[in-house]
>>> print(open('entry-v9.txt').read())   # compact mmCIF, C-alpha atoms and all ligand atoms
# COMPACT_ATOMS: atom_id res chain seq x y z
CA MET A 683 -2.30 7.01 -20.32
CA LEU A 684 0.40 5.14 -18.54
CA GLY A 685 4.03 5.62 -19.27
CA HIS A 686 6.48 2.90 -18.40
CA ARG A 687 10.14 2.56 -17.60
CA THR A 688 11.75 -0.59 -16.42
CA THR A 689 15.31 -1.21 -15.41
CA THR A 690 16.46 -4.38 -13.76
CA LEU A 691 19.78 -4.18 -12.03
CA ARG A 692 19.98 -7.49 -10.28
CA PHE A 693 17.99 -10.37 -9.12
CA GLY A 694 18.79 -10.25 -5.44
CA ALA A 695 20.05 -13.47 -3.95
CA ARG A 696 17.73 -14.40 -1.16
CA ARG A 697 18.67 -16.46 1.81
CA ALA A 698 17.20 -19.93 1.49
CA GLY A 699 15.75 -21.30 4.68
CA THR A 700 14.72 -24.80 5.60
CA ALA A 701 11.14 -25.23 4.51
CA LEU A 702 8.95 -26.66 7.21
CA TYR A 703 5.97 -26.60 4.91
CA LEU A 704 5.53 -25.57 1.32
CA ARG A 705 2.41 -24.63 -0.56
CA PRO A 706 2.20 -25.37 -4.28
CA ARG A 707 3.22 -21.89 -5.40
CA ASP A 708 6.27 -21.77 -3.14
CA THR A 709 8.37 -23.27 -5.86
CA SER A 710 8.81 -20.46 -8.33
CA PRO A 711 10.33 -21.10 -11.76
CA GLU A 712 11.76 -17.57 -11.66
CA LEU A 713 13.67 -18.51 -8.55
CA GLY A 714 15.10 -21.63 -10.06
CA GLY A 715 12.48 -23.82 -8.44
CA ALA A 716 14.62 -24.74 -5.48
CA MET A 717 14.98 -21.41 -3.74
CA THR A 718 12.61 -20.86 -0.88
CA ARG A 719 10.54 -17.70 -1.09
CA GLY A 720 9.13 -15.37 1.52
CA ARG A 721 6.00 -17.48 1.48
CA THR A 722 7.98 -20.46 2.74
CA HIS A 723 7.86 -20.44 6.50
CA ASP A 724 10.88 -21.39 8.49
CA ARG A 725 10.19 -21.11 12.16
CA HIS A 726 13.91 -21.17 12.94
CA THR A 727 14.87 -18.19 10.80
CA GLN A 728 11.78 -16.03 10.89
CA GLY A 729 12.43 -12.79 12.66
CA GLN A 730 16.17 -13.46 12.65
CA GLY A 731 17.20 -11.48 9.61
CA GLN A 732 15.27 -13.17 6.83
CA GLU A 733 13.68 -10.59 4.56
CA ALA A 734 9.93 -10.50 5.09
CA LEU A 735 9.08 -10.04 1.41
CA ALA A 736 11.94 -12.00 -0.17
CA GLY A 737 11.22 -12.73 -3.82
CA LYS A 738 7.76 -11.16 -3.80
CA VAL A 739 6.55 -8.93 -6.60
CA ALA A 740 4.78 -5.90 -5.16
CA LEU A 741 2.68 -3.14 -6.70
CA ILE A 742 2.38 0.10 -4.71
CA THR A 743 -0.02 2.90 -5.62
CA GLY A 744 0.50 6.42 -4.33
CA ALA A 745 4.22 5.71 -4.28
CA SER A 746 5.36 9.21 -5.19
CA SER A 747 5.34 10.55 -1.62
CA GLY A 748 4.48 9.95 2.02
CA ILE A 749 3.41 6.48 3.12
CA GLY A 750 3.61 4.97 -0.38
CA ALA A 751 7.18 6.14 -0.96
CA ALA A 752 8.15 4.86 2.48
CA ALA A 753 6.52 1.52 1.67
CA ALA A 754 8.55 1.31 -1.54
CA ARG A 755 11.76 1.67 0.49
CA VAL A 756 10.68 -0.78 3.20
CA PHE A 757 9.39 -3.38 0.70
CA ALA A 758 12.63 -3.16 -1.31
CA ARG A 759 14.69 -3.50 1.86
CA GLU A 760 12.61 -6.57 2.71
CA GLY A 761 13.48 -8.22 -0.59
CA ALA A 762 10.50 -7.37 -2.79
CA ARG A 763 10.64 -6.42 -6.44
CA VAL A 764 8.54 -3.28 -6.57
CA VAL A 765 6.47 -1.46 -9.16
CA LEU A 766 5.64 2.12 -8.22
CA VAL A 767 2.44 3.81 -9.41
CA ALA A 768 1.39 7.47 -9.14
CA ARG A 769 0.67 10.39 -11.47
CA ARG A 770 3.88 12.36 -10.86
CA GLU A 771 6.27 10.47 -13.07
CA GLU A 772 9.43 12.32 -12.07
CA ARG A 773 8.93 11.39 -8.43
CA ILE A 774 8.39 7.67 -8.99
CA ALA A 775 11.14 7.50 -11.61
CA GLN A 776 13.59 9.03 -9.13
CA LEU A 777 12.49 6.73 -6.34
CA ALA A 778 12.73 3.63 -8.54
CA ALA A 779 16.25 4.74 -9.54
CA GLU A 780 17.17 5.24 -5.87
CA LEU A 781 15.97 1.72 -5.05
CA ARG A 782 17.86 0.20 -7.96
CA ALA A 783 20.99 2.06 -6.89
CA GLY A 784 20.55 0.35 -3.53
CA GLY A 785 20.48 -3.06 -5.21
CA ALA A 786 16.73 -3.65 -5.43
CA GLN A 787 14.65 -4.42 -8.48
CA ALA A 788 12.27 -1.55 -9.04
CA SER A 789 10.32 -0.01 -11.88
CA HIS A 790 7.57 2.53 -12.23
CA THR A 791 4.49 3.09 -14.29
CA THR A 792 2.53 6.32 -14.19
CA GLY A 793 -1.19 6.04 -13.71
CA ASP A 794 -4.30 7.56 -12.22
CA VAL A 795 -6.09 5.06 -9.99
CA ARG A 796 -9.43 6.66 -10.90
CA SER A 797 -9.01 5.24 -14.38
CA PRO A 798 -9.93 1.55 -14.77
CA ALA A 799 -7.67 1.38 -17.82
CA ASP A 800 -4.69 2.76 -15.90
CA ALA A 801 -5.27 0.34 -13.04
CA GLU A 802 -5.46 -2.60 -15.43
CA ARG A 803 -2.34 -1.48 -17.23
CA ALA A 804 -0.38 -1.13 -13.98
CA VAL A 805 -1.16 -4.73 -13.07
CA THR A 806 -0.52 -5.99 -16.58
CA ARG A 807 2.83 -4.21 -16.74
CA THR A 808 3.81 -5.64 -13.36
CA VAL A 809 3.10 -9.17 -14.54
CA GLU A 810 4.85 -8.53 -17.88
CA THR A 811 7.91 -7.17 -16.09
CA TYR A 812 8.31 -9.57 -13.20
CA GLY A 813 6.14 -12.53 -14.19
CA ARG A 814 3.59 -12.37 -11.40
CA LEU A 815 1.94 -10.27 -8.72
CA ASP A 816 2.24 -11.38 -5.09
CA VAL A 817 1.60 -8.22 -3.09
CA ALA A 818 -0.43 -5.07 -3.69
CA PHE A 819 -0.54 -1.96 -1.54
CA ASN A 820 -3.50 0.17 -2.65
CA ASN A 821 -2.47 3.37 -0.97
CA ALA A 822 -3.26 6.27 -3.31
CA GLY A 823 -5.63 8.69 -1.64
CA ALA A 824 -6.94 12.22 -1.59
CA GLY A 825 -8.17 14.20 1.41
CA GLY A 826 -10.62 16.69 -0.04
CA ASP A 827 -11.60 20.20 1.02
CA LEU A 828 -11.80 21.10 4.69
CA MET A 829 -15.36 22.43 4.48
CA PRO A 830 -18.53 21.80 6.44
CA LEU A 831 -20.52 18.97 4.85
CA HIS A 832 -23.36 21.18 3.62
CA LEU A 833 -20.95 23.55 1.87
CA THR A 834 -18.83 20.87 0.22
CA GLU A 835 -19.01 20.91 -3.57
CA ASP A 836 -20.09 17.79 -5.43
CA ALA A 837 -16.81 17.93 -7.32
CA SER A 838 -14.89 17.62 -4.05
CA TYR A 839 -17.05 14.63 -3.01
CA ASP A 840 -16.45 13.01 -6.39
CA LEU A 841 -12.69 13.50 -6.22
CA VAL A 842 -12.45 11.94 -2.78
CA MET A 843 -14.73 9.00 -3.54
CA ASP A 844 -13.21 8.37 -6.96
CA THR A 845 -9.64 8.38 -5.67
CA ASN A 846 -10.08 6.53 -2.40
CA VAL A 847 -12.91 4.10 -3.18
CA ARG A 848 -13.10 3.66 -6.93
CA GLY A 849 -9.31 3.74 -7.02
CA VAL A 850 -9.13 0.77 -4.66
CA TRP A 851 -11.97 -0.92 -6.57
CA ASN A 852 -10.21 -0.43 -9.92
CA CYS A 853 -6.93 -1.82 -8.64
CA LEU A 854 -8.38 -4.66 -6.56
CA ARG A 855 -10.18 -6.27 -9.46
CA HIS A 856 -7.12 -6.58 -11.64
CA GLU A 857 -4.81 -7.49 -8.78
CA ILE A 858 -7.16 -10.30 -7.74
CA ARG A 859 -7.31 -11.59 -11.30
CA ALA A 860 -3.50 -11.70 -11.46
CA MET A 861 -3.23 -13.32 -8.02
CA ILE A 862 -5.79 -16.00 -8.87
CA GLU A 863 -3.66 -16.87 -11.89
CA SER A 864 -0.53 -17.26 -9.78
CA GLY A 865 -2.20 -19.06 -6.88
CA GLY A 866 -2.65 -16.37 -4.24
CA GLY A 867 -1.27 -13.19 -2.74
CA SER A 868 -1.71 -10.45 -0.21
CA ILE A 869 -3.40 -7.07 -0.62
CA VAL A 870 -3.39 -4.14 1.79
CA ASN A 871 -5.67 -1.14 1.28
CA THR A 872 -5.07 2.20 2.95
CA SER A 873 -8.02 3.31 5.02
CA SER A 874 -7.52 5.73 7.93
CA VAL A 875 -8.61 6.31 11.50
CA ALA A 876 -11.29 8.25 9.62
CA GLY A 877 -12.47 4.84 8.37
CA LEU A 878 -13.11 3.79 11.96
CA VAL A 879 -14.36 6.92 13.66
CA ALA A 880 -15.58 10.32 12.52
CA SER A 881 -13.20 13.15 13.23
CA ARG A 882 -12.69 16.74 12.08
CA VAL A 883 -11.78 15.83 8.53
CA PRO A 884 -14.01 16.19 5.45
CA ALA A 885 -17.19 14.06 5.52
CA PRO A 886 -16.55 12.51 2.07
CA TYR A 887 -13.12 11.37 3.30
CA ILE A 888 -14.71 9.69 6.33
CA ALA A 889 -17.28 7.98 4.08
CA ALA A 890 -14.61 6.93 1.60
CA LYS A 891 -12.28 5.45 4.20
CA HIS A 892 -15.19 3.51 5.78
CA ALA A 893 -15.96 2.17 2.30
CA VAL A 894 -12.36 1.03 1.87
CA ILE A 895 -12.80 -1.15 4.96
CA GLY A 896 -16.05 -2.55 3.52
CA LEU A 897 -14.36 -3.44 0.24
CA THR A 898 -11.50 -4.98 2.17
CA LYS A 899 -13.80 -7.25 4.18
CA ALA A 900 -15.85 -8.24 1.14
CA ALA A 901 -12.79 -9.17 -0.89
CA ALA A 902 -11.22 -11.02 2.05
CA VAL A 903 -14.28 -13.24 2.39
CA GLU A 904 -14.71 -13.77 -1.32
CA TYR A 905 -11.09 -14.72 -2.08
CA ALA A 906 -9.89 -16.48 1.05
CA GLY A 907 -10.45 -19.75 -0.78
CA SER A 908 -8.17 -18.55 -3.57
CA GLY A 909 -5.26 -17.98 -1.21
CA ILE A 910 -5.61 -14.20 -1.30
CA ARG A 911 -5.50 -12.23 1.94
CA VAL A 912 -6.98 -8.73 1.93
CA ASN A 913 -6.43 -6.35 4.84
CA ALA A 914 -6.57 -2.64 5.52
CA ILE A 915 -4.48 -0.27 7.56
CA ALA A 916 -5.95 2.67 9.41
CA PRO A 917 -3.13 5.17 9.88
CA GLY A 918 -3.44 8.00 12.31
CA LEU A 919 -1.68 11.30 11.90
CA THR A 920 1.33 10.65 9.68
CA ARG A 921 3.93 13.11 8.41
CA SER A 922 3.23 13.91 4.76
CA GLU A 923 3.24 16.91 2.45
CA MET A 924 -0.52 17.25 2.87
CA VAL A 925 -0.31 17.22 6.67
CA GLU A 926 2.65 19.63 6.80
CA ASP A 927 0.76 22.02 4.56
CA TRP A 928 -2.34 21.77 6.79
CA PHE A 929 -0.26 22.56 9.90
CA ALA A 930 1.38 25.49 8.16
CA ARG A 931 -2.01 26.98 7.28
CA VAL A 932 -3.89 26.43 10.55
CA PRO A 933 -2.24 27.84 13.69
CA GLY A 934 -2.33 25.42 16.62
CA GLN A 935 -3.48 22.50 14.48
CA GLU A 936 -0.25 20.54 14.87
CA ALA A 937 -0.44 20.46 18.67
CA ARG A 938 -4.18 19.66 18.61
CA SER A 939 -3.73 16.84 16.15
CA LYS A 940 -0.83 15.31 18.02
CA ALA A 941 -2.74 15.47 21.31
CA SER A 942 -5.57 13.44 19.76
CA ALA A 943 -3.57 10.23 20.30
CA PRO A 944 -2.08 8.83 23.51
CA GLN A 945 1.42 8.81 22.00
CA ASN A 946 0.99 12.56 21.44
CA ARG A 947 2.97 12.69 18.23
CA MET A 948 2.81 12.19 14.48
CA ALA A 949 3.98 8.95 12.84
CA GLU A 950 6.81 8.93 10.37
CA PRO A 951 5.63 7.34 7.10
CA GLU A 952 8.12 4.50 7.64
CA GLU A 953 6.30 3.46 10.83
CA VAL A 954 3.13 2.91 8.83
CA ALA A 955 5.05 1.18 6.04
CA GLU A 956 6.53 -1.32 8.49
CA ALA A 957 3.04 -2.44 9.51
CA VAL A 958 2.05 -2.77 5.86
CA ALA A 959 5.11 -4.87 5.06
CA TRP A 960 4.22 -7.25 7.87
CA LEU A 961 0.60 -7.55 6.72
CA CYS A 962 1.80 -8.21 3.18
CA SER A 963 4.25 -10.86 4.28
CA ASP A 964 3.64 -14.52 5.03
CA ARG A 965 4.29 -13.72 8.67
CA ALA A 966 0.67 -12.50 8.70
CA SER A 967 -0.59 -15.72 7.10
CA PHE A 968 -3.73 -16.02 9.28
CA VAL A 969 -4.67 -12.35 9.06
CA THR A 970 -7.36 -11.45 6.54
CA GLY A 971 -10.29 -9.07 6.48
CA ALA A 972 -8.65 -7.12 9.29
CA THR A 973 -8.18 -3.39 9.69
CA MET A 974 -5.02 -2.59 11.59
CA PRO A 975 -4.88 0.80 13.29
CA VAL A 976 -1.39 2.31 13.08
CA ASP A 977 -2.34 5.36 15.05
CA GLY A 978 -0.39 5.78 18.28
CA GLY A 979 -3.50 4.71 20.16
CA ARG A 980 -5.77 7.33 18.54
CA THR A 981 -8.79 4.99 18.28
CA THR A 982 -8.43 3.48 21.75
CA TRP A 983 -9.93 6.40 23.64
N1 LIG A 1001 -0.91 11.34 6.34
C1 LIG A 1001 -1.88 10.97 7.17
O1 LIG A 1001 -2.00 11.52 8.30
C2 LIG A 1001 -2.84 9.87 6.77
C3 LIG A 1001 -3.67 9.32 7.76
C4 LIG A 1001 -4.55 8.31 7.41
C5 LIG A 1001 -4.61 7.84 6.09
N2 LIG A 1001 -3.80 8.39 5.16
C6 LIG A 1001 -3.88 7.85 3.80
O2 LIG A 1001 -2.60 7.40 3.42
C7 LIG A 1001 -2.51 7.37 2.00
C8 LIG A 1001 -1.22 8.02 1.57
O3 LIG A 1001 -1.29 9.39 1.92
P1 LIG A 1001 -0.02 10.20 2.48
O4 LIG A 1001 -0.34 10.63 3.84
O5 LIG A 1001 1.23 9.44 2.25
O6 LIG A 1001 -0.12 11.52 1.59
P2 LIG A 1001 0.59 11.95 0.24
O7 LIG A 1001 2.04 12.10 0.48
O8 LIG A 1001 -0.20 13.12 -0.24
O9 LIG A 1001 0.38 10.70 -0.74
C9 LIG A 1001 -0.75 10.52 -1.54
C10 LIG A 1001 -0.31 9.64 -2.70
O10 LIG A 1001 -1.46 9.30 -3.48
C11 LIG A 1001 -1.17 9.55 -4.84
N3 LIG A 1001 -2.38 9.85 -5.56
C12 LIG A 1001 -3.33 10.77 -5.24
N4 LIG A 1001 -4.31 10.75 -6.15
C13 LIG A 1001 -3.97 9.80 -7.06
C14 LIG A 1001 -4.57 9.31 -8.24
N5 LIG A 1001 -5.75 9.79 -8.68
N6 LIG A 1001 -3.97 8.32 -8.94
C15 LIG A 1001 -2.78 7.83 -8.50
N7 LIG A 1001 -2.16 8.24 -7.40
C16 LIG A 1001 -2.76 9.23 -6.69
C17 LIG A 1001 -0.18 10.71 -4.83
O11 LIG A 1001 0.62 10.68 -5.99
P3 LIG A 1001 0.48 11.63 -7.28
O12 LIG A 1001 -0.02 12.97 -6.80
O13 LIG A 1001 1.86 11.67 -7.84
O14 LIG A 1001 -0.48 10.91 -8.17
C18 LIG A 1001 0.67 10.35 -3.62
O15 LIG A 1001 1.68 9.43 -3.99
C19 LIG A 1001 -3.79 8.03 1.49
O16 LIG A 1001 -4.71 7.03 1.11
C20 LIG A 1001 -4.28 8.80 2.70
O17 LIG A 1001 -5.68 8.99 2.64
C21 LIG A 1001 -2.91 9.39 5.46
>>> encode(input="entry-v9.txt", output="structure tokens", more="lines below")
Ligand SMILES: NC(=O)c1ccc[n+]([C@@H]2O[C@H](COP(=O)([O-])OP(=O)(O)OC[C@H]3O[C@@H](n4cnc5c(N)ncnc54)[C@H](OP(=O)(O)O)[C@@H]3O)[C@@H](O)[C@H]2O)c1
Amino acid sequence: MLGHRTTTLRFGARRAGTALYLRPRDTSPELGGAMTRGRTHDRHTQGQGQEALAGKVALITGASSGIGAAAARVFAREGARVVLVARREERIAQLAAELRAGGAQASHTTGDVRSPADAERAVTRTVETYGRLDVAFNNAGAGGDLMPLHLTEDASYDLVMDTNVRGVWNCLRHEIRAMIESGGGSIVNTSSVAGLVASRVPAPYIAAKHAVIGLTKAAAVEYAGSGIRVNAIAPGLTRSEMVEDWFARVPGQEARSKASAPQNRMAEPEEVAEAVAWLCSDRASFVTGATMPVDGGRTTW
């Protein structure tokens, strides 16, 4: 079951730019009709301080730590109203409170992405709270057991596929429904370099992250005509609790993992979140069906 807390501190005043072209949904009743939104392109102000996600309503799954939590901070900084989803309520409640204390609009709703009902409720609550859904970052994921393929338990396979693939499936369907109703939107799914190449991570994880890219392409093609862009990111090694724990348990793994990419280091979660924010924004208006590596060059050699 989903729990829900919502607190709205302020409706941030967004800088209005001069609209060079407007699409029908650029004029939002919530914004008083006259205020330009992030979707309104202004070639004179873009990249010169205007918030990339100004006025957007964004749903982020897997927001309780790592890349998802970083995305919540980056999206809020870029002017989005954010709804945070994960199972650990205390974490997302604290993060939402932190964002509100910083002047953003943020709420949270606990949920397990493996549950179709939870996914539906997260989208419904977002629309009930903020009136629409413009942006979704389907980021919740699970890595699985580091075991040879033939020794991996079915339960481990199921956990990885259910979280990474069915989780994206569950969320996508309801997000798309909401976005069709409001005239369009942008979705980013978290794949991995393991969705592009096989590496020394569990086989079910590699299969799952390849499937995320397949779902991303299918949805991009199917809903381009509805004004919905669907893209994926393929992060490389990124600092997270899971990765830190792995390094602590396996001597020498940190150096080996870092050396697998030309930049020879691990990303901070914020570096991945920045790429996601761009993909979600109207600055990426002609990008759909793409998978963007954010990997320090890992998949180039
Ligand atoms: N770190 C890397 O090197 C790396 C590289 C490539 C791709 N990725 C991908 O990036 C995404 C984020 O991972 P991370 O690195 O930031 O690790 P993380 O800190 O462990 O984050 C995983 C997030 O997913 C959530 N989650 C897991 N199972 C869930 C479920 N059933 N329902 C709802 N939420 C669930 C977790 O929250 P709760 O436990 O609170 O539910 C947590 O917020 C994942 O999809 C991962 O596969 C990570």
>>> closest_atom_pairs(input="entry-v9.txt", of="chain A", to="ligand LIG 1001 (chain A)", cutoff="6 Å", atoms="only C-alpha atoms and all ligand atoms", output="JSON lines")
{"residue": "A:Gly744", "atom": "CA", "partner": "A:LIG1001", "partner_atom": "O15", "distance": 3.3}
{"residue": "A:Ala745", "atom": "CA", "partner": "A:LIG1001", "partner_atom": "O15", "distance": 4.5}
{"residue": "A:Ser746", "atom": "CA", "partner": "A:LIG1001", "partner_atom": "O15", "distance": 3.9}
{"residue": "A:Ser747", "atom": "CA", "partner": "A:LIG1001", "partner_atom": "O7", "distance": 4.2}
{"residue": "A:Gly748", "atom": "CA", "partner": "A:LIG1001", "partner_atom": "O5", "distance": 3.3}
{"residue": "A:Ile749", "atom": "CA", "partner": "A:LIG1001", "partner_atom": "O5", "distance": 3.8}
{"residue": "A:Gly750", "atom": "CA", "partner": "A:LIG1001", "partner_atom": "O5", "distance": 5.7}
{"residue": "A:Ala768", "atom": "CA", "partner": "A:LIG1001", "partner_atom": "N7", "distance": 4.0}
{"residue": "A:Arg769", "atom": "CA", "partner": "A:LIG1001", "partner_atom": "O14", "distance": 3.5}
{"residue": "A:Arg770", "atom": "CA", "partner": "A:LIG1001", "partner_atom": "O13", "distance": 3.7}
{"residue": "A:Gly793", "atom": "CA", "partner": "A:LIG1001", "partner_atom": "C15", "distance": 5.7}
{"residue": "A:Asp794", "atom": "CA", "partner": "A:LIG1001", "partner_atom": "N6", "distance": 3.4}
{"residue": "A:Val795", "atom": "CA", "partner": "A:LIG1001", "partner_atom": "N6", "distance": 4.0}
{"residue": "A:Arg796", "atom": "CA", "partner": "A:LIG1001", "partner_atom": "N5", "distance": 5.3}
{"residue": "A:Asn821", "atom": "CA", "partner": "A:LIG1001", "partner_atom": "O16", "distance": 4.8}
{"residue": "A:Ala822", "atom": "CA", "partner": "A:LIG1001", "partner_atom": "O10", "distance": 3.5}
{"residue": "A:Gly823", "atom": "CA", "partner": "A:LIG1001", "partner_atom": "O16", "distance": 3.3}
{"residue": "A:Ala824", "atom": "CA", "partner": "A:LIG1001", "partner_atom": "C12", "distance": 5.3}
{"residue": "A:Gly825", "atom": "CA", "partner": "A:LIG1001", "partner_atom": "O17", "distance": 5.9}
{"residue": "A:Thr845", "atom": "CA", "partner": "A:LIG1001", "partner_atom": "N5", "distance": 5.1}
{"residue": "A:Thr872", "atom": "CA", "partner": "A:LIG1001", "partner_atom": "O16", "distance": 5.2}
{"residue": "A:Ser873", "atom": "CA", "partner": "A:LIG1001", "partner_atom": "C5", "distance": 5.8}
{"residue": "A:Ser874", "atom": "CA", "partner": "A:LIG1001", "partner_atom": "C4", "distance": 4.0}
{"residue": "A:Pro917", "atom": "CA", "partner": "A:LIG1001", "partner_atom": "C4", "distance": 4.2}
{"residue": "A:Gly918", "atom": "CA", "partner": "A:LIG1001", "partner_atom": "C3", "distance": 4.7}
{"residue": "A:Leu919", "atom": "CA", "partner": "A:LIG1001", "partner_atom": "O1", "distance": 3.6}
{"residue": "A:Thr920", "atom": "CA", "partner": "A:LIG1001", "partner_atom": "O1", "distance": 3.7}
{"residue": "A:Arg921", "atom": "CA", "partner": "A:LIG1001", "partner_atom": "N1", "distance": 5.6}
{"residue": "A:Ser922", "atom": "CA", "partner": "A:LIG1001", "partner_atom": "O7", "distance": 4.8}
{"residue": "A:Glu923", "atom": "CA", "partner": "A:LIG1001", "partner_atom": "O7", "distance": 5.3}
{"residue": "A:Met924", "atom": "CA", "partner": "A:LIG1001", "partner_atom": "O8", "distance": 5.2}
{"residue": "A:Val925", "atom": "CA", "partner": "A:LIG1001", "partner_atom": "N1", "distance": 5.9}
>>> residues_around(input="entry-v9.txt", residues="Ala889 of chain A", least_positions_apart="5", cutoff="9 Å", atoms="only C-alpha atoms", output="list of chain:residue names")
A:Met843, A:Ala876, A:Gly877, A:Ala880, A:Pro884, A:Val894
>>> residues_around(input="entry-v9.txt", residues="Met974 of chain A", least_positions_apart="2", cutoff="9 Å", atoms="all atoms listed in the file", output="list of chain:residue names")
A:Asn913, A:Ala914, A:Ile915, A:Ala916, A:Pro917, A:Ala957, A:Leu961, A:Ala972, A:Val976
>>> write_last_selection(input="entry-v9.txt", atoms="C-alpha atoms", output="CSV table (one decimal), in the coordinates of the input")
chain,number,residue,atom,x,y,z
A,913,ASN,CA,-6.4,-6.4,4.8
A,914,ALA,CA,-6.6,-2.6,5.5
A,915,ILE,CA,-4.5,-0.3,7.6
A,916,ALA,CA,-6.0,2.7,9.4
A,917,PRO,CA,-3.1,5.2,9.9
A,957,ALA,CA,3.0,-2.4,9.5
A,961,LEU,CA,0.6,-7.6,6.7
A,972,ALA,CA,-8.6,-7.1,9.3
A,976,VAL,CA,-1.4,2.3,13.1
>>> atom_distance(input="entry-v9.txt", atom1="atom CA of Asn820 of chain A", atom2="atom CA of Asn846 of chain A")
9.2 Å
>>> residues_around(input="entry-v9.txt", residues="Gly979 of chain A", least_positions_apart="6", cutoff="10 Å", atoms="all atoms listed in the file", output="list in words")
Gly918, Ser942, Ala943, Pro944, Gln945 and Asn946 of chain A
>>> write_last_selection(input="entry-v9.txt", atoms="C-alpha atoms", output="compact mmCIF listing (two decimals), keeping the file's coordinate frame")
# COMPACT_ATOMS: atom_id res chain seq x y z
CA GLY A 918 -3.44 8.00 12.31
CA SER A 942 -5.57 13.44 19.76
CA ALA A 943 -3.57 10.23 20.30
CA PRO A 944 -2.08 8.83 23.51
CA GLN A 945 1.42 8.81 22.00
CA ASN A 946 0.99 12.56 21.44
>>> residues_around(input="entry-v9.txt", residues="Ala779 of chain A", least_positions_apart="5", cutoff="9 Å", atoms="only C-alpha atoms", output="list of chain:residue names")
A:Thr689, A:Ile774, A:Gly784, A:Ala788, A:Ser789
>>> atom_distance(input="entry-v9.txt", atom1="atom CA of Thr981 of chain A", atom2="atom CA of Trp851 of chain A")
25.7 Å
>>> closest_residue(input="entry-v9.txt", among="A:Arg803, A:Arg782, A:Arg773, A:Arg848", to="Ala890 of chain A", atoms="only C-alpha atoms")
A:Arg848
>>> residues_around(input="entry-v9.txt", residues="Ala906 of chain A", least_positions_apart="4", cutoff="10 Å", atoms="all atoms listed in the file", output="VMD selection string")
chain A and resid 866 to 867 901 to 902 910 to 912 970 to 971
>>> closest_residue(input="entry-v9.txt", among="A:Thr834, A:Thr743, A:Ala775, A:Arg755", to="Val850 of chain A", atoms="all atoms listed in the file")
A:Thr743
>>> atom_distance(input="entry-v9.txt", atom1="atom CA of Arg763 of chain A", atom2="atom CA of Gly737 of chain A")
6.9 Å
>>> closest_residue(input="entry-v9.txt", among="A:Gly826, A:Ser797, A:Ala937, A:Thr898", to="Leu841 of chain A", atoms="all atoms listed in the file")
A:Gly826
